[in-house]
>>> print(open('start-v8.pdb').read())   # PDB, C-alpha atoms, pLDDT in the B column
MODEL        1
ATOM      1  CA  MET A 705     -11.162-106.261  54.960  1.00 67.00           C
ATOM      2  CA  ASP A 706     -12.155-105.640  58.593  1.00 73.00           C
ATOM      3  CA  SER A 707     -13.760-102.318  57.675  1.00 85.00           C
ATOM      4  CA  SER A 708     -15.557-103.933  54.737  1.00 87.00           C
ATOM      5  CA  SER A 709     -16.838-106.715  57.020  1.00 88.00           C
ATOM      6  CA  ALA A 710     -18.055-104.174  59.554  1.00 90.00           C
ATOM      7  CA  LEU A 711     -19.831-102.188  56.860  1.00 91.00           C
ATOM      8  CA  TYR A 712     -21.324-105.411  55.513  1.00 92.00           C
ATOM      9  CA  ARG A 713     -22.735-106.238  58.966  1.00 91.00           C
ATOM     10  CA  ASN A 714     -24.211-102.747  59.281  1.00 92.00           C
ATOM     11  CA  ILE A 715     -25.845-102.847  55.850  1.00 93.00           C
ATOM     12  CA  VAL A 716     -27.336-106.299  56.351  1.00 94.00           C
ATOM     13  CA  GLU A 717     -28.610-105.284  59.782  1.00 92.00           C
ATOM     14  CA  PHE A 718     -30.184-102.222  58.173  1.00 93.00           C
ATOM     15  CA  ALA A 719     -31.712-104.428  55.477  1.00 92.00           C
ATOM     16  CA  HIS A 720     -33.406-106.566  58.126  1.00 92.00           C
ATOM     17  CA  SER A 721     -34.915-103.430  59.683  1.00 93.00           C
ATOM     18  CA  THR A 722     -36.558-102.291  56.437  1.00 93.00           C
ATOM     19  CA  PRO A 723     -40.161-103.101  55.437  1.00 93.00           C
ATOM     20  CA  GLY A 724     -40.795-106.447  53.797  1.00 90.00           C
ATOM     21  CA  TRP A 725     -41.836-104.846  50.509  1.00 92.00           C
ATOM     22  CA  LEU A 726     -38.482-103.057  50.271  1.00 93.00           C
ATOM     23  CA  GLN A 727     -36.581-106.261  50.988  1.00 91.00           C
ATOM     24  CA  GLN A 728     -38.521-108.043  48.248  1.00 91.00           C
ATOM     25  CA  LEU A 729     -37.914-105.163  45.850  1.00 92.00           C
ATOM     26  CA  MET A 730     -34.165-105.243  46.469  1.00 91.00           C
ATOM     27  CA  GLU A 731     -34.100-109.037  46.080  1.00 89.00           C
ATOM     28  CA  LEU A 732     -35.896-108.666  42.758  1.00 89.00           C
ATOM     29  CA  TRP A 733     -33.771-105.750  41.616  1.00 87.00           C
ATOM     30  CA  THR A 734     -30.561-107.768  41.694  1.00 81.00           C
ATOM     31  CA  GLU A 735     -31.881-109.673  38.652  1.00 82.00           C
ATOM     32  CA  VAL A 736     -34.353-107.206  37.099  1.00 89.00           C
ATOM     33  CA  GLY A 737     -31.546-104.712  36.620  1.00 88.00           C
ATOM     34  CA  LEU A 738     -29.767-107.185  34.332  1.00 90.00           C
ATOM     35  CA  LEU A 739     -32.959-107.663  32.338  1.00 93.00           C
ATOM     36  CA  LEU A 740     -33.365-103.906  31.996  1.00 94.00           C
ATOM     37  CA  PHE A 741     -29.865-103.566  30.567  1.00 95.00           C
ATOM     38  CA  GLY A 742     -30.635-106.349  28.107  1.00 94.00           C
ATOM     39  CA  VAL A 743     -33.746-104.500  26.921  1.00 95.00           C
ATOM     40  CA  LEU A 744     -31.758-101.274  26.590  1.00 96.00           C
ATOM     41  CA  PHE A 745     -29.131-103.035  24.445  1.00 96.00           C
ATOM     42  CA  VAL A 746     -31.866-104.083  22.018  1.00 95.00           C
ATOM     43  CA  VAL A 747     -33.507-100.641  21.980  1.00 95.00           C
ATOM     44  CA  VAL A 748     -30.213 -98.845  21.363  1.00 96.00           C
ATOM     45  CA  TRP A 749     -29.290-101.296  18.560  1.00 94.00           C
ATOM     46  CA  TRP A 750     -32.695-100.873  16.892  1.00 93.00           C
ATOM     47  CA  ARG A 751     -32.415 -97.098  17.097  1.00 92.00           C
ATOM     48  CA  ALA A 752     -28.908 -97.229  15.616  1.00 91.00           C
ATOM     49  CA  ARG A 753     -30.126 -99.093  12.508  1.00 89.00           C
ATOM     50  CA  THR A 754     -31.266 -95.785  11.051  1.00 89.00           C
ATOM     51  CA  ALA A 755     -28.389 -93.767  12.461  1.00 89.00           C
ATOM     52  CA  SER A 756     -24.730 -93.293  11.569  1.00 90.00           C
ATOM     53  CA  SER A 757     -22.186 -96.100  11.351  1.00 90.00           C
ATOM     54  CA  GLN A 758     -20.570 -94.647  14.482  1.00 92.00           C
ATOM     55  CA  ALA A 759     -23.858 -94.979  16.379  1.00 92.00           C
ATOM     56  CA  MET A 760     -24.282 -98.589  15.231  1.00 93.00           C
ATOM     57  CA  ALA A 761     -20.684 -99.400  16.148  1.00 93.00           C
ATOM     58  CA  LEU A 762     -21.204 -98.113  19.693  1.00 96.00           C
ATOM     59  CA  ALA A 763     -24.533 -99.928  19.964  1.00 95.00           C
ATOM     60  CA  LEU A 764     -22.815-103.225  19.094  1.00 95.00           C
ATOM     61  CA  ILE A 765     -19.789-102.631  21.295  1.00 96.00           C
ATOM     62  CA  ALA A 766     -21.885-101.921  24.422  1.00 96.00           C
ATOM     63  CA  PRO A 767     -23.017-105.553  24.927  1.00 96.00           C
ATOM     64  CA  LEU A 768     -19.663-106.846  23.701  1.00 96.00           C
ATOM     65  CA  GLY A 769     -17.814-104.814  26.329  1.00 96.00           C
ATOM     66  CA  THR A 770     -20.222-106.109  28.955  1.00 96.00           C
ATOM     67  CA  ALA A 771     -19.496-109.693  27.909  1.00 96.00           C
ATOM     68  CA  VAL A 772     -15.744-109.074  28.099  1.00 97.00           C
ATOM     69  CA  ALA A 773     -16.179-107.599  31.584  1.00 96.00           C
ATOM     70  CA  TYR A 774     -18.124-110.675  32.704  1.00 96.00           C
ATOM     71  CA  VAL A 775     -15.416-113.037  31.428  1.00 96.00           C
ATOM     72  CA  ILE A 776     -12.707-111.060  33.229  1.00 96.00           C
ATOM     73  CA  SER A 777     -14.806-111.142  36.394  1.00 95.00           C
ATOM     74  CA  GLU A 778     -15.085-114.919  36.203  1.00 94.00           C
ATOM     75  CA  VAL A 779     -11.335-115.248  35.702  1.00 95.00           C
ATOM     76  CA  LEU A 780     -10.650-113.091  38.755  1.00 95.00           C
ATOM     77  CA  LYS A 781     -13.092-115.105  40.851  1.00 92.00           C
ATOM     78  CA  SER A 782     -11.365-118.345  39.854  1.00 91.00           C
ATOM     79  CA  VAL A 783      -8.009-116.944  40.948  1.00 93.00           C
ATOM     80  CA  ILE A 784      -8.866-115.004  44.118  1.00 92.00           C
ATOM     81  CA  HIS A 785     -11.294-117.451  45.818  1.00 90.00           C
ATOM     82  CA  GLU A 786     -12.807-115.029  48.315  1.00 92.00           C
ATOM     83  CA  GLU A 787     -15.499-116.677  50.446  1.00 92.00           C
ATOM     84  CA  ARG A 788     -18.940-115.101  50.520  1.00 92.00           C
ATOM     85  CA  PRO A 789     -19.539-112.801  53.506  1.00 92.00           C
ATOM     86  CA  CYS A 790     -22.771-114.647  54.326  1.00 89.00           C
ATOM     87  CA  ARG A 791     -20.522-117.532  55.415  1.00 90.00           C
ATOM     88  CA  ALA A 792     -17.329-115.745  56.397  1.00 87.00           C
ATOM     89  CA  VAL A 793     -18.401-112.734  58.491  1.00 87.00           C
ATOM     90  CA  SER A 794     -18.976-113.683  62.105  1.00 84.00           C
ATOM     91  CA  GLY A 795     -21.773-111.975  63.967  1.00 83.00           C
ATOM     92  CA  ALA A 796     -23.591-110.896  60.798  1.00 84.00           C
ATOM     93  CA  MET A 797     -27.319-111.367  60.410  1.00 87.00           C
ATOM     94  CA  PRO A 798     -28.376-113.955  57.822  1.00 91.00           C
ATOM     95  CA  PRO A 799     -28.676-112.814  54.190  1.00 91.00           C
ATOM     96  CA  LEU A 800     -32.083-112.017  52.739  1.00 89.00           C
ATOM     97  CA  ILE A 801     -31.538-114.590  50.001  1.00 88.00           C
ATOM     98  CA  ASP A 802     -29.835-117.981  50.021  1.00 87.00           C
ATOM     99  CA  CYS A 803     -26.077-117.755  50.390  1.00 89.00           C
ATOM    100  CA  PRO A 804     -24.460-118.952  47.139  1.00 89.00           C
ATOM    101  CA  ALA A 805     -22.857-122.382  47.250  1.00 89.00           C
ATOM    102  CA  HIS A 806     -19.243-122.793  48.319  1.00 86.00           C
ATOM    103  CA  GLY A 807     -17.090-122.299  45.254  1.00 85.00           C
ATOM    104  CA  ASP A 808     -19.273-119.494  43.944  1.00 87.00           C
ATOM    105  CA  TRP A 809     -16.718-116.917  45.023  1.00 91.00           C
ATOM    106  CA  SER A 810     -17.430-113.399  46.165  1.00 91.00           C
ATOM    107  CA  PHE A 811     -14.758-111.131  44.653  1.00 94.00           C
ATOM    108  CA  PRO A 812     -15.449-109.313  42.440  1.00 93.00           C
ATOM    109  CA  SER A 813     -19.209-108.980  42.114  1.00 94.00           C
ATOM    110  CA  ASN A 814     -20.340-110.214  38.694  1.00 93.00           C
ATOM    111  CA  HIS A 815     -23.532-108.176  38.934  1.00 93.00           C
ATOM    112  CA  SER A 816     -21.569-104.999  39.644  1.00 96.00           C
ATOM    113  CA  ILE A 817     -19.055-105.511  36.839  1.00 96.00           C
ATOM    114  CA  ILE A 818     -21.812-106.300  34.333  1.00 96.00           C
ATOM    115  CA  ALA A 819     -23.924-103.367  35.509  1.00 96.00           C
ATOM    116  CA  ALA A 820     -21.065-100.865  35.305  1.00 97.00           C
ATOM    117  CA  ALA A 821     -19.877-102.074  31.906  1.00 97.00           C
ATOM    118  CA  ALA A 822     -23.418-101.977  30.533  1.00 97.00           C
ATOM    119  CA  ALA A 823     -24.106 -98.559  32.061  1.00 97.00           C
ATOM    120  CA  VAL A 824     -20.971 -97.020  30.557  1.00 97.00           C
ATOM    121  CA  GLY A 825     -21.390 -98.684  27.160  1.00 96.00           C
ATOM    122  CA  LEU A 826     -25.018 -97.604  26.837  1.00 97.00           C
ATOM    123  CA  ALA A 827     -24.322 -94.084  28.082  1.00 96.00           C
ATOM    124  CA  ILE A 828     -21.568 -93.610  25.492  1.00 96.00           C
ATOM    125  CA  ALA A 829     -23.808 -95.021  22.757  1.00 95.00           C
ATOM    126  CA  VAL A 830     -26.684 -92.707  23.752  1.00 95.00           C
ATOM    127  CA  MET A 831     -25.395 -89.985  26.057  1.00 93.00           C
ATOM    128  CA  ARG A 832     -28.711 -89.062  27.646  1.00 93.00           C
ATOM    129  CA  LEU A 833     -29.076 -92.644  28.926  1.00 93.00           C
ATOM    130  CA  VAL A 834     -26.428 -91.861  31.547  1.00 94.00           C
ATOM    131  CA  TRP A 835     -29.210 -90.499  33.782  1.00 94.00           C
ATOM    132  CA  LEU A 836     -30.831 -93.947  33.739  1.00 94.00           C
ATOM    133  CA  THR A 837     -27.985 -96.427  33.435  1.00 95.00           C
ATOM    134  CA  VAL A 838     -25.677 -95.075  36.141  1.00 95.00           C
ATOM    135  CA  PRO A 839     -28.342 -95.012  38.910  1.00 95.00           C
ATOM    136  CA  VAL A 840     -29.487 -98.488  37.838  1.00 94.00           C
ATOM    137  CA  ALA A 841     -25.923 -99.818  38.066  1.00 95.00           C
ATOM    138  CA  LEU A 842     -25.283 -98.225  41.464  1.00 95.00           C
ATOM    139  CA  LEU A 843     -28.544 -99.577  42.857  1.00 94.00           C
ATOM    140  CA  MET A 844     -27.776-103.043  41.515  1.00 94.00           C
ATOM    141  CA  ALA A 845     -24.364-102.985  43.175  1.00 94.00           C
ATOM    142  CA  PHE A 846     -25.792-101.821  46.496  1.00 95.00           C
ATOM    143  CA  SER A 847     -28.533-104.439  46.343  1.00 94.00           C
ATOM    144  CA  ARG A 848     -25.932-107.225  46.322  1.00 94.00           C
ATOM    145  CA  VAL A 849     -24.646-106.066  49.707  1.00 95.00           C
ATOM    146  CA  PHE A 850     -28.166-105.302  50.936  1.00 95.00           C
ATOM    147  CA  VAL A 851     -29.343-108.878  50.322  1.00 93.00           C
ATOM    148  CA  GLY A 852     -26.196-110.170  52.011  1.00 92.00           C
ATOM    149  CA  VAL A 853     -24.195-111.952  49.329  1.00 93.00           C
ATOM    150  CA  HIS A 854     -21.303-109.533  48.731  1.00 94.00           C
ATOM    151  CA  TYR A 855     -18.871-107.388  50.683  1.00 94.00           C
ATOM    152  CA  PRO A 856     -18.918-103.649  49.937  1.00 95.00           C
ATOM    153  CA  HIS A 857     -15.443-103.920  48.411  1.00 94.00           C
ATOM    154  CA  ASP A 858     -16.679-106.627  46.035  1.00 95.00           C
ATOM    155  CA  VAL A 859     -19.206-104.284  44.469  1.00 96.00           C
ATOM    156  CA  LEU A 860     -17.010-101.176  44.599  1.00 96.00           C
ATOM    157  CA  VAL A 861     -14.168-102.880  42.751  1.00 96.00           C
ATOM    158  CA  GLY A 862     -16.719-104.465  40.428  1.00 96.00           C
ATOM    159  CA  LEU A 863     -18.120-101.074  39.475  1.00 97.00           C
ATOM    160  CA  ILE A 864     -14.675 -99.614  38.831  1.00 97.00           C
ATOM    161  CA  LEU A 865     -13.470-102.605  36.827  1.00 97.00           C
ATOM    162  CA  GLY A 866     -16.653-102.805  34.780  1.00 97.00           C
ATOM    163  CA  ALA A 867     -16.470 -99.133  33.842  1.00 97.00           C
ATOM    164  CA  LEU A 868     -12.749 -99.320  32.958  1.00 97.00           C
ATOM    165  CA  ILE A 869     -13.167-102.467  30.872  1.00 97.00           C
ATOM    166  CA  ALA A 870     -16.066-100.935  28.957  1.00 97.00           C
ATOM    167  CA  LEU A 871     -14.032 -97.806  28.222  1.00 97.00           C
ATOM    168  CA  LEU A 872     -11.030 -99.835  27.048  1.00 97.00           C
ATOM    169  CA  VAL A 873     -13.156-102.030  24.780  1.00 97.00           C
ATOM    170  CA  ILE A 874     -14.873 -98.978  23.301  1.00 96.00           C
ATOM    171  CA  GLU A 875     -11.519 -97.283  22.708  1.00 95.00           C
ATOM    172  CA  ALA A 876     -10.069-100.375  21.041  1.00 96.00           C
ATOM    173  CA  LEU A 877     -13.015-101.437  18.895  1.00 95.00           C
ATOM    174  CA  THR A 878     -14.916 -98.333  17.807  1.00 95.00           C
ATOM    175  CA  ARG A 879     -12.896 -97.655  14.650  1.00 95.00           C
ATOM    176  CA  PRO A 880     -12.753-101.258  13.360  1.00 95.00           C
ATOM    177  CA  MET A 881     -16.407-101.827  14.250  1.00 93.00           C
ATOM    178  CA  ARG A 882     -17.420 -98.665  12.421  1.00 91.00           C
ATOM    179  CA  GLY A 883     -15.556 -99.862   9.336  1.00 91.00           C
ATOM    180  CA  LEU A 884     -17.254-103.242   9.557  1.00 91.00           C
ATOM    181  CA  VAL A 885     -20.687-101.635   9.832  1.00 89.00           C
ATOM    182  CA  GLU A 886     -19.999 -99.511   6.748  1.00 87.00           C
ATOM    183  CA  LYS A 887     -18.956-102.594   4.757  1.00 87.00           C
ATOM    184  CA  VAL A 888     -22.003-104.573   5.854  1.00 85.00           C
ATOM    185  CA  ARG A 889     -24.362-101.718   4.992  1.00 86.00           C
ATOM    186  CA  ALA A 890     -22.816-101.466   1.546  1.00 83.00           C
ATOM    187  CA  GLY A 891     -22.818-105.229   0.996  1.00 77.00           C
ATOM    188  CA  ASP A 892     -25.291-107.617  -0.625  1.00 77.00           C
ATOM    189  CA  VAL A 893     -25.886-109.998   2.311  1.00 77.00           C
ATOM    190  CA  ARG A 894     -29.488-109.225   3.179  1.00 78.00           C
ATOM    191  CA  VAL A 895     -29.557-110.594   6.716  1.00 79.00           C
ATOM    192  CA  ALA A 896     -26.371-108.755   7.674  1.00 75.00           C
ATOM    193  CA  ALA A 897     -27.577-105.573   5.992  1.00 75.00           C
ATOM    194  CA  TRP A 898     -30.905-105.783   7.836  1.00 81.00           C
ATOM    195  CA  PHE A 899     -29.058-106.268  11.113  1.00 79.00           C
ATOM    196  CA  ALA A 900     -26.823-103.250  10.509  1.00 78.00           C
ATOM    197  CA  GLY A 901     -29.732-101.203   9.152  1.00 79.00           C
ATOM    198  CA  PRO A 902     -29.841 -98.724   6.295  1.00 84.00           C
ATOM    199  CA  GLY A 903     -28.022 -96.057   8.246  1.00 77.00           C
ATOM    200  CA  THR A 904     -28.593 -92.323   8.138  1.00 78.00           C
ATOM    201  CA  ALA A 905     -31.019 -91.320   5.451  1.00 54.00           C
ATOM    202  CA  SER A 906     -29.369 -89.213   2.778  1.00 43.00           C
TER     203      SER A 906
ENDMDL
END
>>> encode(input="start-v8.pdb", output="structure tokens")
Amino acid sequence: MDSSSALYRNIVEFAHSTPGWLQQLMELWTEVGLLLFGVLFVVVWWRARTASSQAMALALIAPLGTAVAYVISEVLKSVIHEERPCRAVSGAMPPLIDCPAHGDWSFPSNHSIIAAAAAVGLAIAVMRLVWLTVPVALLMAFSRVFVGVHYPHDVLVGLILGALIALLVIEALTRPMRGLVEKVRAGDVRVAAWFAGPGTAS
């Protein structure tokens, strides 16, 4: 914890030394990254409507795995109760954004868990997206320390947990989800069939 606090102080001090435009960009990125992942979920789902049942299954599991990761993150926060470094680390410069209220605990970083789970889920659904999603997730995680609201260990553990949870959800649900997609595509419920798409053209 002492080494994480020291690294936190160094990163926040570095953040204060950067140009104002970069500080604003990093503040914005902590939320824009989430929006970008949301857009990618929709794009990958839409693309999968005319692809195989496997592709549609992975497209649906990607946001589901991200949601599971978020819930697990919230459970951990409610148990661990780690205070935010912007209140707990003595001698640190003030954060670039408002320090979250007491009770909005620090460990693990929700943003980092969500980002990692989304990055892994999307990359497995569409492999070439790995070159976009992984850098986005890493930058989101770093931005949470940069703006001063998380310890480095909060985001590091968040990234690892998010990636592991996504992989476990994908492993557990791909086969049953693929079967469900095949049934829906063969069924007569129009709304469900539209959602699942026609699949690969024969």
>>> residues_around(input="start-v8.pdb", residues="range 835-848 of chain A", least_positions_apart="5", cutoff="9 Å", atoms="only C-alpha atoms", output="JSON, numbers by chain")
{"A": [730, 731, 733, 734, 735, 736, 737, 738, 740, 741, 813, 815, 816, 817, 818, 819, 820, 821, 822, 823, 824, 826, 827, 853, 854, 855, 856, 858, 859, 860, 862, 863]}
>>> closest_residue(input="start-v8.pdb", among="A:Ala867, A:Arg791, A:Thr878, A:Lys887", to="Ser709 in chain A", atoms="only C-alpha atoms")
A:Arg791
>>> closest_residue(input="start-v8.pdb", among="A:Gln728, A:Pro767, A:Arg889, A:Asn814", to="Val743 in chain A", atoms="only C-alpha atoms")
A:Pro767
>>> residues_around(input="start-v8.pdb", residues="Trp750 in chain A", least_positions_apart="4", cutoff="10 Å", atoms="all atoms listed in the file", output="number ranges by chain")
A: 744-746, 754-755, 760, 763, 899-901
>>> write_last_selection(input="start-v8.pdb", atoms="C-alpha atoms", output="mmCIF file, keeping the file's coordinate frame")
data_model
loop_
_atom_site.group_PDB
_atom_site.id
_atom_site.type_symbol
_atom_site.label_atom_id
_atom_site.label_comp_id
_atom_site.auth_asym_id
_atom_site.auth_seq_id
_atom_site.Cartn_x
_atom_site.Cartn_y
_atom_site.Cartn_z
ATOM 1 C CA LEU A 744 -31.758 -101.274 26.590
ATOM 2 C CA PHE A 745 -29.131 -103.035 24.445
ATOM 3 C CA VAL A 746 -31.866 -104.083 22.018
ATOM 4 C CA THR A 754 -31.266 -95.785 11.051
ATOM 5 C CA ALA A 755 -28.389 -93.767 12.461
ATOM 6 C CA MET A 760 -24.282 -98.589 15.231
ATOM 7 C CA ALA A 763 -24.533 -99.928 19.964
ATOM 8 C CA PHE A 899 -29.058 -106.268 11.113
ATOM 9 C CA ALA A 900 -26.823 -103.250 10.509
ATOM 10 C CA GLY A 901 -29.732 -101.203 9.152
#
>>> atom_distance(input="start-v8.pdb", atom1="CA of Glu886 in chain A", atom2="CA of Ala759 in chain A")
11.3 Å
>>> atom_distance(input="start-v8.pdb", atom1="CA of Ala829 in chain A", atom2="CA of Leu762 in chain A")
5.1 Å
>>> build_atoms(input="start-v8.pdb", residues="range 880-900 of chain A", atoms="N, CA and C atoms", output="PDB file, in the frame of the given file")
ATOM      1  N   PRO A 880     -12.532-100.077  14.211  1.00 95.00           N
ATOM      2  CA  PRO A 880     -12.753-101.258  13.360  1.00 95.00           C
ATOM      3  C   PRO A 880     -14.225-101.660  13.253  1.00 95.00           C
ATOM      4  N   MET A 881     -14.991-101.480  14.318  1.00 93.00           N
ATOM      5  CA  MET A 881     -16.407-101.827  14.250  1.00 93.00           C
ATOM      6  C   MET A 881     -17.154-100.884  13.313  1.00 93.00           C
ATOM      7  N   ARG A 882     -16.794 -99.627  13.334  1.00 91.00           N
ATOM      8  CA  ARG A 882     -17.420 -98.665  12.421  1.00 91.00           C
ATOM      9  C   ARG A 882     -17.134 -99.040  10.965  1.00 91.00           C
ATOM     10  N   GLY A 883     -15.900 -99.433  10.686  1.00 91.00           N
ATOM     11  CA  GLY A 883     -15.556 -99.862   9.336  1.00 91.00           C
ATOM     12  C   GLY A 883     -16.333-101.095   8.919  1.00 91.00           C
ATOM     13  N   LEU A 884     -16.492-102.031   9.845  1.00 91.00           N
ATOM     14  CA  LEU A 884     -17.254-103.242   9.557  1.00 91.00           C
ATOM     15  C   LEU A 884     -18.710-102.916   9.263  1.00 91.00           C
ATOM     16  N   VAL A 885     -19.290-102.030  10.048  1.00 89.00           N
ATOM     17  CA  VAL A 885     -20.687-101.635   9.832  1.00 89.00           C
ATOM     18  C   VAL A 885     -20.845-101.008   8.447  1.00 89.00           C
ATOM     19  N   GLU A 886     -19.922-100.162   8.064  1.00 87.00           N
ATOM     20  CA  GLU A 886     -19.999 -99.511   6.748  1.00 87.00           C
ATOM     21  C   GLU A 886     -19.926-100.534   5.622  1.00 87.00           C
ATOM     22  N   LYS A 887     -19.063-101.556   5.777  1.00 87.00           N
ATOM     23  CA  LYS A 887     -18.956-102.594   4.757  1.00 87.00           C
ATOM     24  C   LYS A 887     -20.235-103.416   4.675  1.00 87.00           C
ATOM     25  N   VAL A 888     -20.784-103.770   5.838  1.00 85.00           N
ATOM     26  CA  VAL A 888     -22.003-104.573   5.854  1.00 85.00           C
ATOM     27  C   VAL A 888     -23.160-103.799   5.235  1.00 85.00           C
ATOM     28  N   ARG A 889     -23.274-102.531   5.547  1.00 86.00           N
ATOM     29  CA  ARG A 889     -24.362-101.718   4.992  1.00 86.00           C
ATOM     30  C   ARG A 889     -24.243-101.561   3.477  1.00 86.00           C
ATOM     31  N   ALA A 890     -23.024-101.600   2.986  1.00 83.00           N
ATOM     32  CA  ALA A 890     -22.816-101.466   1.546  1.00 83.00           C
ATOM     33  C   ALA A 890     -22.834-102.803   0.828  1.00 83.00           C
ATOM     34  N   GLY A 891     -22.889-103.900   1.581  1.00 77.00           N
ATOM     35  CA  GLY A 891     -22.818-105.229   0.996  1.00 77.00           C
ATOM     36  C   GLY A 891     -24.157-105.744   0.501  1.00 77.00           C
ATOM     37  N   ASP A 892     -24.108-106.993  -0.023  1.00 77.00           N
ATOM     38  CA  ASP A 892     -25.291-107.617  -0.625  1.00 77.00           C
ATOM     39  C   ASP A 892     -25.905-108.712   0.245  1.00 77.00           C
ATOM     40  N   VAL A 893     -25.343-108.951   1.427  1.00 77.00           N
ATOM     41  CA  VAL A 893     -25.886-109.998   2.311  1.00 77.00           C
ATOM     42  C   VAL A 893     -27.088-109.406   3.041  1.00 77.00           C
ATOM     43  N   ARG A 894     -28.279-109.873   2.699  1.00 78.00           N
ATOM     44  CA  ARG A 894     -29.488-109.225   3.179  1.00 78.00           C
ATOM     45  C   ARG A 894     -29.648-109.278   4.695  1.00 78.00           C
ATOM     46  N   VAL A 895     -29.380-110.451   5.270  1.00 79.00           N
ATOM     47  CA  VAL A 895     -29.557-110.594   6.716  1.00 79.00           C
ATOM     48  C   VAL A 895     -28.612-109.656   7.459  1.00 79.00           C
ATOM     49  N   ALA A 896     -27.362-109.630   7.034  1.00 75.00           N
ATOM     50  CA  ALA A 896     -26.371-108.755   7.674  1.00 75.00           C
ATOM     51  C   ALA A 896     -26.742-107.294   7.476  1.00 75.00           C
ATOM     52  N   ALA A 897     -27.196-106.962   6.262  1.00 75.00           N
ATOM     53  CA  ALA A 897     -27.577-105.573   5.992  1.00 75.00           C
ATOM     54  C   ALA A 897     -28.792-105.164   6.818  1.00 75.00           C
ATOM     55  N   TRP A 898     -29.748-106.092   6.992  1.00 81.00           N
ATOM     56  CA  TRP A 898     -30.905-105.783   7.836  1.00 81.00           C
ATOM     57  C   TRP A 898     -30.463-105.546   9.268  1.00 81.00           C
ATOM     58  N   PHE A 899     -29.540-106.390   9.737  1.00 79.00           N
ATOM     59  CA  PHE A 899     -29.058-106.268  11.113  1.00 79.00           C
ATOM     60  C   PHE A 899     -28.373-104.918  11.321  1.00 79.00           C
ATOM     61  N   ALA A 900     -27.541-104.519  10.380  1.00 78.00           N
ATOM     62  CA  ALA A 900     -26.823-103.250  10.509  1.00 78.00           C
ATOM     63  C   ALA A 900     -27.727-102.055  10.200  1.00 78.00           C
TER      64      ALA A 900
END
